[in-house]
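A.B. asks: Encoded as structure tokens, here's the structure I'll be asking about.
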Amino acid sequence: MLVTLKELLADAKKNKYAVGAFNVPNLEAIRAVIEAAEELNSPVILQHAEVHEGLVSIEEIGPLMLDYAHKAKVPVAVHLDHGATFEMCVKAIQIGFTSVMYDASSKEYEVNRDETKEIVKIAHAVGVSVEAELGHIFTSAVGGGEGRGSDSSEDYEDLDDVYTDPDLAKHFVEETDVDCLAIGFGTVHGVYLKEPKLDLDRITLIKDKVDVPFVMHGGSGVSEENYKIAINNGICKINYYTYMNKAAGNAVKDFLESRDAEAPIFFDEISLAATEAMKKNAKDAMAIFMNP
């Protein structure tokens with residue numbers, strides 16, 4: 001069933017679990033995520049990232065996401081991830097998405113605040129939830145397609161300059177009225193090339209100031225122990241894509257390598273192998289996010 005992000009995260013916040021938010025730039029990914037969620041009886045979020053417009057447009061993939069959400073046996077929010085423009089956010093709302101993320105985190109605080117506030121007014125007027133970001137999420141050189149260029153914690157002299165400031169987060173939420181906030185505490189978009197430097201205590205410090213659900217971006221590749229600490233400290237939504245996508249790629253590679261050199265290769269078989277791998281990977285992640 002189709003629901004808003006606000007509805008999903010209110011329950012997650014109350015009961016100390018996180019809802020997985022999976023980017024789905026193709027039909028195989030949509031099917032994999034919905035099937036995994038239904039088998040676990042877990043709520044889930046289907047996301048379209050604006051940077052994936054080069055893979056598939058929101059006009060093409062959005063109606064498919066909404067159709068699967070409507071028919072799902074579990075609650076499903078359909079969300080725009082890392083919307084960089086007003087135009088894209090409005091387009092998502094018009095298509096029927098139940099939440100949008102407006103990401104102006106690379107801009108000056110005042111600009112981020114003011115632009116986010118305008119998106120909130122537009123979205124809330126039609127019952128759509130809004131996510132914003134304050135702080136910085138690092139981007140891996142490998143598979144970091146959601147970020148703003150490749151960087152790492154080593155690129156900054158003082159991590160306090162890029163991690164989310166608790167006092168600033170308080171002012172930002174009060175002034176914008178966002179429904180949830182993506183916070184920076186050391187996670188990375190893309191494949192982790194080394195052990196991340198996570199400031200998990202920062203989540204608690206922000207929670208002491210701000211009473212909204214928090215979002216972890218760069219959720220792929222975090223250890224099970226750190227997932228659970230982050231969830232218990234206040235994370236309610238975890239964005240997950242890179243490692244699920246990687247699992248599909250590896251499954252296709254293994255399938256092709258297992259075939260006789262003379263045997264014909266059919267795309268439908270490759271598609272099924274990729275879907276099954278994504279489903280298993282997503283299901284494993286969801287099981288952790290449920291925080292049993």
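Identifiers in the structure tokens: chain A, B, ... in order shown; residue index from 1 per chain; ligand index from 1 in order shown.
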Need to verify the contact set: Leu5 in chain A, 10 Å, only C-alpha atoms, exclusion of same-chain residues closer than 4 positions in sequence. Can you return it as a list of chain:residue names?
C.D. replies: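 Final neighbour list, sorted by chain and number: A:Leu9, A:Ala10, A:Val19, A:Val44, A:Ile45, A:Pro75, A:Val76, A:Ala77, A:Val78, A:His79, A:Phe97, A:Thr98, A:Ser99, A:Val100, A:Val128, A:Ser129, A:Val130, A:Glu131, A:Asp179, A:Cys180, A:Lys237.
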A.B. asks: Based on the backbone DSSP call, show me all residues of range 27-165 of chain A assigned alpha helix (DSSP H), as number ranges by chain.
C.D. replies: A: 27-40, 58-71, 86-95, 109-124
A.B. asks: Generate a file of the selected residues that holds C-alpha atoms, formatted as a tab-separated table (two decimals), in the first residue's frame.
C.D. replies:
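Okay, this is what ended up in result37.tsv:
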chain	number	residue	atom	x	y	z
A	27	LEU	CA	12.22	-2.93	-13.04
A	28	GLU	CA	14.48	-5.67	-11.67
A	29	ALA	CA	15.38	-3.54	-8.65
A	30	ILE	CA	11.75	-2.61	-7.98
A	31	ARG	CA	10.66	-6.25	-8.05
A	32	ALA	CA	13.59	-7.35	-5.89
A	33	VAL	CA	12.94	-4.76	-3.17
A	34	ILE	CA	9.17	-5.26	-3.03
A	35	GLU	CA	9.47	-9.06	-2.91
A	36	ALA	CA	12.09	-8.85	-0.14
A	37	ALA	CA	9.91	-6.47	1.89
A	38	GLU	CA	6.81	-8.65	1.49
A	39	GLU	CA	8.66	-11.80	2.53
A	40	LEU	CA	9.87	-10.05	5.70
A	58	ILE	CA	11.38	9.85	-13.44
A	59	GLU	CA	8.55	9.98	-15.99
A	60	GLU	CA	9.38	6.40	-17.04
A	61	ILE	CA	10.25	4.75	-13.73
A	62	GLY	CA	7.95	6.76	-11.42
A	63	PRO	CA	4.64	5.21	-12.56
A	64	LEU	CA	6.17	1.71	-12.20
A	65	MET	CA	7.34	2.49	-8.67
A	66	LEU	CA	3.90	3.79	-7.75
A	67	ASP	CA	2.11	0.80	-9.30
A	68	TYR	CA	4.21	-1.68	-7.30
A	69	ALA	CA	3.75	0.42	-4.14
A	70	HIS	CA	-0.04	0.49	-4.51
A	71	LYS	CA	-0.19	-3.28	-5.00
A	86	PHE	CA	12.69	22.80	-7.43
A	87	GLU	CA	11.61	21.57	-10.86
A	88	MET	CA	12.51	17.95	-10.11
A	89	CYS	CA	10.80	18.04	-6.70
A	90	VAL	CA	7.62	19.48	-8.22
A	91	LYS	CA	7.73	16.91	-11.02
A	92	ALA	CA	7.96	14.08	-8.45
A	93	ILE	CA	5.00	15.51	-6.53
A	94	GLN	CA	2.94	15.81	-9.72
A	95	ILE	CA	3.70	12.20	-10.69
A	109	TYR	CA	23.33	27.34	5.47
A	110	GLU	CA	21.00	30.29	4.88
A	111	VAL	CA	20.40	29.27	1.25
A	112	ASN	CA	19.80	25.64	2.23
A	113	ARG	CA	17.34	26.76	4.90
A	114	ASP	CA	15.42	29.21	2.73
A	115	GLU	CA	15.16	26.96	-0.34
A	116	THR	CA	14.17	23.94	1.75
A	117	LYS	CA	11.51	26.02	3.47
A	118	GLU	CA	9.93	26.82	0.10
A	119	ILE	CA	9.88	23.15	-0.94
A	120	VAL	CA	8.27	22.24	2.39
A	121	LYS	CA	5.47	24.77	1.78
A	122	ILE	CA	4.77	23.32	-1.66
A	123	ALA	CA	4.95	19.67	-0.57
A	124	HIS	CA	3.02	19.95	2.68
A.B. asks: Go through A:Asp81, A:Glu133, A:Glu50, A:Glu276 and flag the residue nearest Ala182 in chain A, using only C-alpha atoms for the distances.
C.D. replies: A:Glu133
A.B. asks: Please report, as a Markdown table, each residue of range 37-128 of chain A lying at most 12 Å from range 211-229 of chain A, together with the nearest pair of atoms and the separation in Å rounded to one decimal; use only C-alpha atoms, and order rows by chain and ascending residue number.
C.D. replies:
| residue | atom | partner | partner_atom | distance |
| --- | --- | --- | --- | --- |
| A:Asp81 | CA | A:His217 | CA | 10.0 |
| A:His82 | CA | A:His217 | CA | 10.1 |
| A:Met101 | CA | A:Val215 | CA | 10.9 |
| A:Asp103 | CA | A:His217 | CA | 11.9 |
A.B. asks: Keeping only N, CA, C and O atoms, write those residues as a compact mmCIF listing (two decimals), in the first residue's frame.
C.D. replies:
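What ended up in out.txt:
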# COMPACT_ATOMS: atom_id res chain seq x y z
N ASP A 81 15.02 10.97 -4.24
CA ASP A 81 16.27 11.02 -3.50
C ASP A 81 17.19 12.07 -4.11
O ASP A 81 17.38 12.11 -5.33
N HIS A 82 17.77 12.92 -3.27
CA HIS A 82 18.73 13.94 -3.71
C HIS A 82 18.18 14.79 -4.85
O HIS A 82 18.85 15.00 -5.86
N MET A 101 13.11 14.53 -1.35
CA MET A 101 14.26 15.10 -0.65
C MET A 101 14.77 16.27 -1.49
O MET A 101 15.08 16.09 -2.67
N ASP A 103 17.91 18.53 -1.70
CA ASP A 103 19.28 18.52 -1.19
C ASP A 103 20.01 19.80 -1.60
O ASP A 103 20.51 19.92 -2.72
A.B. asks: If you run DSSP on the backbone here, which positions in range 23-231 of chain A get strand (DSSP E)? Please write them as a ChimeraX atom specification.
C.D. replies: /A:23,44-49,76-83,99-102,129-134,138-139,180-183,188-189,214-216
A.B. asks: Hey, can you spit out that residue selection with N, CA and C atoms as a compact mmCIF listing (two decimals), in the first residue's frame?
C.D. replies:
# COMPACT_ATOMS: atom_id res chain seq x y z
N ASN A 23 17.25 2.72 -3.85
CA ASN A 23 17.15 3.30 -5.19
C ASN A 23 16.85 2.20 -6.18
N VAL A 44 8.86 -0.37 3.50
CA VAL A 44 10.03 -0.10 2.66
C VAL A 44 9.82 1.20 1.90
N ILE A 45 10.91 1.76 1.40
CA ILE A 45 10.87 2.99 0.62
C ILE A 45 11.53 2.73 -0.73
N LEU A 46 10.78 3.01 -1.81
CA LEU A 46 11.35 2.97 -3.15
C LEU A 46 11.80 4.38 -3.51
N GLN A 47 13.03 4.51 -3.99
CA GLN A 47 13.58 5.83 -4.28
C GLN A 47 14.02 5.96 -5.74
N HIS A 48 13.84 7.15 -6.28
CA HIS A 48 14.46 7.52 -7.56
C HIS A 48 15.40 8.68 -7.29
N ALA A 49 16.69 8.47 -7.55
CA ALA A 49 17.67 9.53 -7.34
C ALA A 49 17.77 10.39 -8.60
N VAL A 76 4.50 1.12 1.64
CA VAL A 76 5.60 1.56 0.77
C VAL A 76 5.49 3.06 0.52
N ALA A 77 6.57 3.79 0.79
CA ALA A 77 6.65 5.20 0.40
C ALA A 77 7.44 5.28 -0.90
N VAL A 78 7.05 6.20 -1.77
CA VAL A 78 7.78 6.42 -3.02
C VAL A 78 8.40 7.81 -2.95
N HIS A 79 9.73 7.85 -3.06
CA HIS A 79 10.51 9.02 -2.63
C HIS A 79 11.49 9.48 -3.70
N LEU A 80 11.62 10.79 -3.85
CA LEU A 80 12.67 11.37 -4.68
C LEU A 80 13.91 11.56 -3.83
N ASP A 81 15.02 10.97 -4.24
CA ASP A 81 16.27 11.02 -3.50
C ASP A 81 17.19 12.07 -4.11
N HIS A 82 17.77 12.92 -3.27
CA HIS A 82 18.73 13.94 -3.71
C HIS A 82 18.18 14.79 -4.85
N GLY A 83 16.97 15.29 -4.66
CA GLY A 83 16.45 16.25 -5.62
C GLY A 83 17.26 17.54 -5.54
N SER A 99 6.89 11.48 -1.07
CA SER A 99 7.89 12.27 -0.37
C SER A 99 8.99 12.70 -1.33
N VAL A 100 9.65 13.80 -0.99
CA VAL A 100 10.77 14.29 -1.79
C VAL A 100 11.89 14.70 -0.86
N MET A 101 13.11 14.53 -1.35
CA MET A 101 14.26 15.10 -0.65
C MET A 101 14.77 16.27 -1.49
N TYR A 102 14.84 17.42 -0.86
CA TYR A 102 15.49 18.55 -1.52
C TYR A 102 16.87 18.69 -0.90
N SER A 129 5.60 14.41 2.12
CA SER A 129 6.64 14.58 3.13
C SER A 129 7.92 15.13 2.50
N VAL A 130 8.76 15.77 3.35
CA VAL A 130 10.01 16.35 2.85
C VAL A 130 11.18 15.93 3.73
N GLU A 131 12.25 15.50 3.06
CA GLU A 131 13.54 15.22 3.70
C GLU A 131 14.53 16.28 3.23
N ALA A 132 15.41 16.71 4.13
CA ALA A 132 16.48 17.64 3.76
C ALA A 132 17.79 17.10 4.34
N GLU A 133 18.88 17.74 3.97
CA GLU A 133 20.19 17.29 4.44
C GLU A 133 20.96 18.47 5.02
N LEU A 134 21.60 18.23 6.15
CA LEU A 134 22.45 19.24 6.77
C LEU A 134 23.75 18.54 7.18
N PHE A 138 30.22 11.92 2.64
CA PHE A 138 31.37 11.72 1.77
C PHE A 138 31.00 10.85 0.58
N THR A 139 31.79 10.95 -0.48
CA THR A 139 31.52 10.21 -1.71
C THR A 139 32.74 9.40 -2.11
N CYS A 180 11.95 14.94 8.09
CA CYS A 180 13.10 14.14 8.53
C CYS A 180 14.37 14.80 8.02
N LEU A 181 15.48 14.47 8.65
CA LEU A 181 16.74 15.14 8.34
C LEU A 181 17.86 14.14 8.11
N ALA A 182 18.50 14.25 6.95
CA ALA A 182 19.71 13.46 6.67
C ALA A 182 20.89 14.16 7.33
N ILE A 183 21.62 13.41 8.15
CA ILE A 183 22.71 14.02 8.92
C ILE A 183 24.05 13.40 8.52
N VAL A 188 29.49 7.12 3.76
CA VAL A 188 30.02 7.40 2.43
C VAL A 188 29.08 6.88 1.36
N HIS A 189 28.79 7.72 0.35
CA HIS A 189 28.09 7.23 -0.84
C HIS A 189 29.06 6.37 -1.64
N PHE A 214 15.84 10.73 11.85
CA PHE A 214 17.09 10.99 11.13
C PHE A 214 17.32 9.97 10.03
N VAL A 215 18.05 10.41 9.01
CA VAL A 215 18.32 9.57 7.84
C VAL A 215 19.82 9.34 7.70
N MET A 216 20.19 8.10 7.43
CA MET A 216 21.57 7.73 7.12
C MET A 216 21.70 7.58 5.61
A.B. asks: If you count only C-alpha atoms, which residues fall within 10 Å of Gly249 in chain A, apart from same-chain ones fewer than 5 positions away, as a list in words?
C.D. replies: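 Listed by chain and then number, they are Tyr243, Met244, Asp254, Phe255, Ile270, Ala273, Ala274, Ala277 and Met278 of chain A.
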